[in-house]
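Colleague: One structure follows; several queries about it will come next.
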Amino acid sequence: MLIAFSVIGIMVLLLIYFVVHSQTLQRDLNLTRNSARQNAKKASRGLTSLLFVANELQKTFMTRLDTAHSKGLMPEKSYPVARSIVRSMPQVIMDFCEKGHSVEEALTRALQMSEANMEEVREFIKKQPREVRLAWSKNTPDGYVTACNAFTQKLLMSEKTEDNQ
């Protein structure tokens, strides 16, 4: 009889332990869920802001390209390729951030509906100055943006150089 009470006592203690432990785990799970929701909201806001910035950069770079093209500062053959690179900027950056693609993979996907292909892009980049090629070779969004900035800015700088002569 004493053994039966001892076993029952141990079982009751184990039951109490597991109930308390499960409540602690439930509380931790709820805290983790709340934290995950807050982090998801922050990430969503961050991606929305990033997309806005990428779109604004695209507009700026497109304006530079169009200006250079209208003033004849860019070879006619290079314009569609450069335009495709700049037009793809938001999609490339978002694919990199959301899907984990490299910039080259994301750009290849973006160019499927474009007037240029990846081989033309490679040839275009090969003809660019060293700083553009170095930035491009990083295969990251910051390198992509830096390269776009450098080659579009270079076009307008050549106009200023021509104006000063």
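Following the order of the structure tokens, first chain is A, next is B, and so on, with residues numbered from 1 inside each chain and ligands from 1 in the order they appear.
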Set the distance at 10 Å and use only C-alpha atoms: which residues neighbour segment 148-157 of chain A once local chain neighbours fewer than 5 positions away are removed? I'd like the list as a PyMOL selection string.
Modeller: chain A and resi 57-58+60-69+71-74+82+85-86+89+125+128-129+131-133+135-136+142-143+162-163
Colleague: Give the helix (DSSP H, G or I) residues of segment 52-129 of chain A, as DSSP finds them on the backbone, and put them as a PyMOL selection string.
Modeller: chain A and resi 52-70+79-87+89-99+103-113+118-126
Colleague: Please identify all polymer residues within 12 Å of Glu120 of chain A, counting only C-alpha atoms, omitting same-chain residues fewer than 2 positions from it, and present them as a VMD selection string.
Modeller: chain A and resid 77 to 85 108 111 114 to 118 122 to 127
Colleague: How would the residues just picked look written out with C-alpha atoms as a PDB file, in the first residue's frame?
Modeller:
ATOM      1  CA  LYS A  77      23.215  50.571 -80.174  1.00  0.00           C
ATOM      2  CA  SER A  78      23.937  50.879 -76.424  1.00  0.00           C
ATOM      3  CA  TYR A  79      20.778  52.746 -75.499  1.00  0.00           C
ATOM      4  CA  PRO A  80      18.313  49.789 -75.480  1.00  0.00           C
ATOM      5  CA  VAL A  81      20.715  47.697 -73.412  1.00  0.00           C
ATOM      6  CA  ALA A  82      21.378  50.465 -70.876  1.00  0.00           C
ATOM      7  CA  ARG A  83      17.659  51.206 -70.732  1.00  0.00           C
ATOM      8  CA  SER A  84      16.883  47.545 -70.037  1.00  0.00           C
ATOM      9  CA  ILE A  85      19.469  47.415 -67.258  1.00  0.00           C
ATOM     10  CA  THR A 108      18.390  37.403 -66.438  1.00  0.00           C
ATOM     11  CA  LEU A 111      15.397  40.695 -69.188  1.00  0.00           C
ATOM     12  CA  SER A 114      12.958  43.150 -72.403  1.00  0.00           C
ATOM     13  CA  GLU A 115      14.536  44.359 -75.605  1.00  0.00           C
ATOM     14  CA  ALA A 116      18.004  43.205 -74.473  1.00  0.00           C
ATOM     15  CA  ASN A 117      19.453  39.894 -73.350  1.00  0.00           C
ATOM     16  CA  MET A 118      22.143  38.974 -70.860  1.00  0.00           C
ATOM     17  CA  ARG A 122      27.772  41.623 -70.660  1.00  0.00           C
ATOM     18  CA  GLU A 123      29.114  43.238 -73.838  1.00  0.00           C
ATOM     19  CA  PHE A 124      27.803  46.635 -72.728  1.00  0.00           C
ATOM     20  CA  ILE A 125      29.479  46.305 -69.307  1.00  0.00           C
ATOM     21  CA  LYS A 126      32.785  45.204 -70.889  1.00  0.00           C
ATOM     22  CA  LYS A 127      32.899  48.524 -72.759  1.00  0.00           C
TER      23      LYS A 127
END
Colleague: Which residues come within 12 Å of Asn55 of chain A, counting only C-alpha atoms, excluding same-chain residues fewer than 3 positions away, as a ChimeraX atom specification?
Modeller: /A:48-52,58-62,86-94,145
Colleague: Go ahead and save the picked residues with C-alpha atoms, as a short mmCIF file (atom, residue, chain, number, x, y, z; two decimals), in the first residue's frame.
Modeller:
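Written file, selection-v9.cif:
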data_model
loop_
_atom_site.label_atom_id
_atom_site.label_comp_id
_atom_site.auth_asym_id
_atom_site.auth_seq_id
_atom_site.Cartn_x
_atom_site.Cartn_y
_atom_site.Cartn_z
CA THR A 48 8.26 48.58 -49.14
CA SER A 49 10.73 51.37 -48.43
CA LEU A 50 13.41 49.60 -50.43
CA LEU A 51 11.08 49.24 -53.40
CA PHE A 52 10.24 52.95 -53.20
CA GLN A 58 15.32 53.99 -61.53
CA LYS A 59 13.54 57.25 -62.41
CA THR A 60 16.71 59.25 -61.82
CA PHE A 61 18.86 56.92 -63.91
CA MET A 62 16.24 56.74 -66.68
CA VAL A 86 18.06 50.51 -65.56
CA ARG A 87 14.42 49.54 -66.10
CA SER A 88 15.03 46.21 -64.36
CA MET A 89 16.40 47.81 -61.19
CA PRO A 90 13.39 47.45 -58.85
CA GLN A 91 12.71 43.87 -59.92
CA VAL A 92 16.39 42.89 -59.60
CA ILE A 93 16.71 44.39 -56.14
CA MET A 94 13.50 42.81 -54.90
CA VAL A 145 23.19 50.50 -58.29
#
Colleague: Which residue gives the smallest distance to Lys138 of chain A among A:Ser22, A:Ser44, A:Ser102, A:Gln112, with only C-alpha atoms counted?
Modeller: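 Using only C-alpha atoms, the shortest distance to Lys138 of chain A belongs to A:Ser102.
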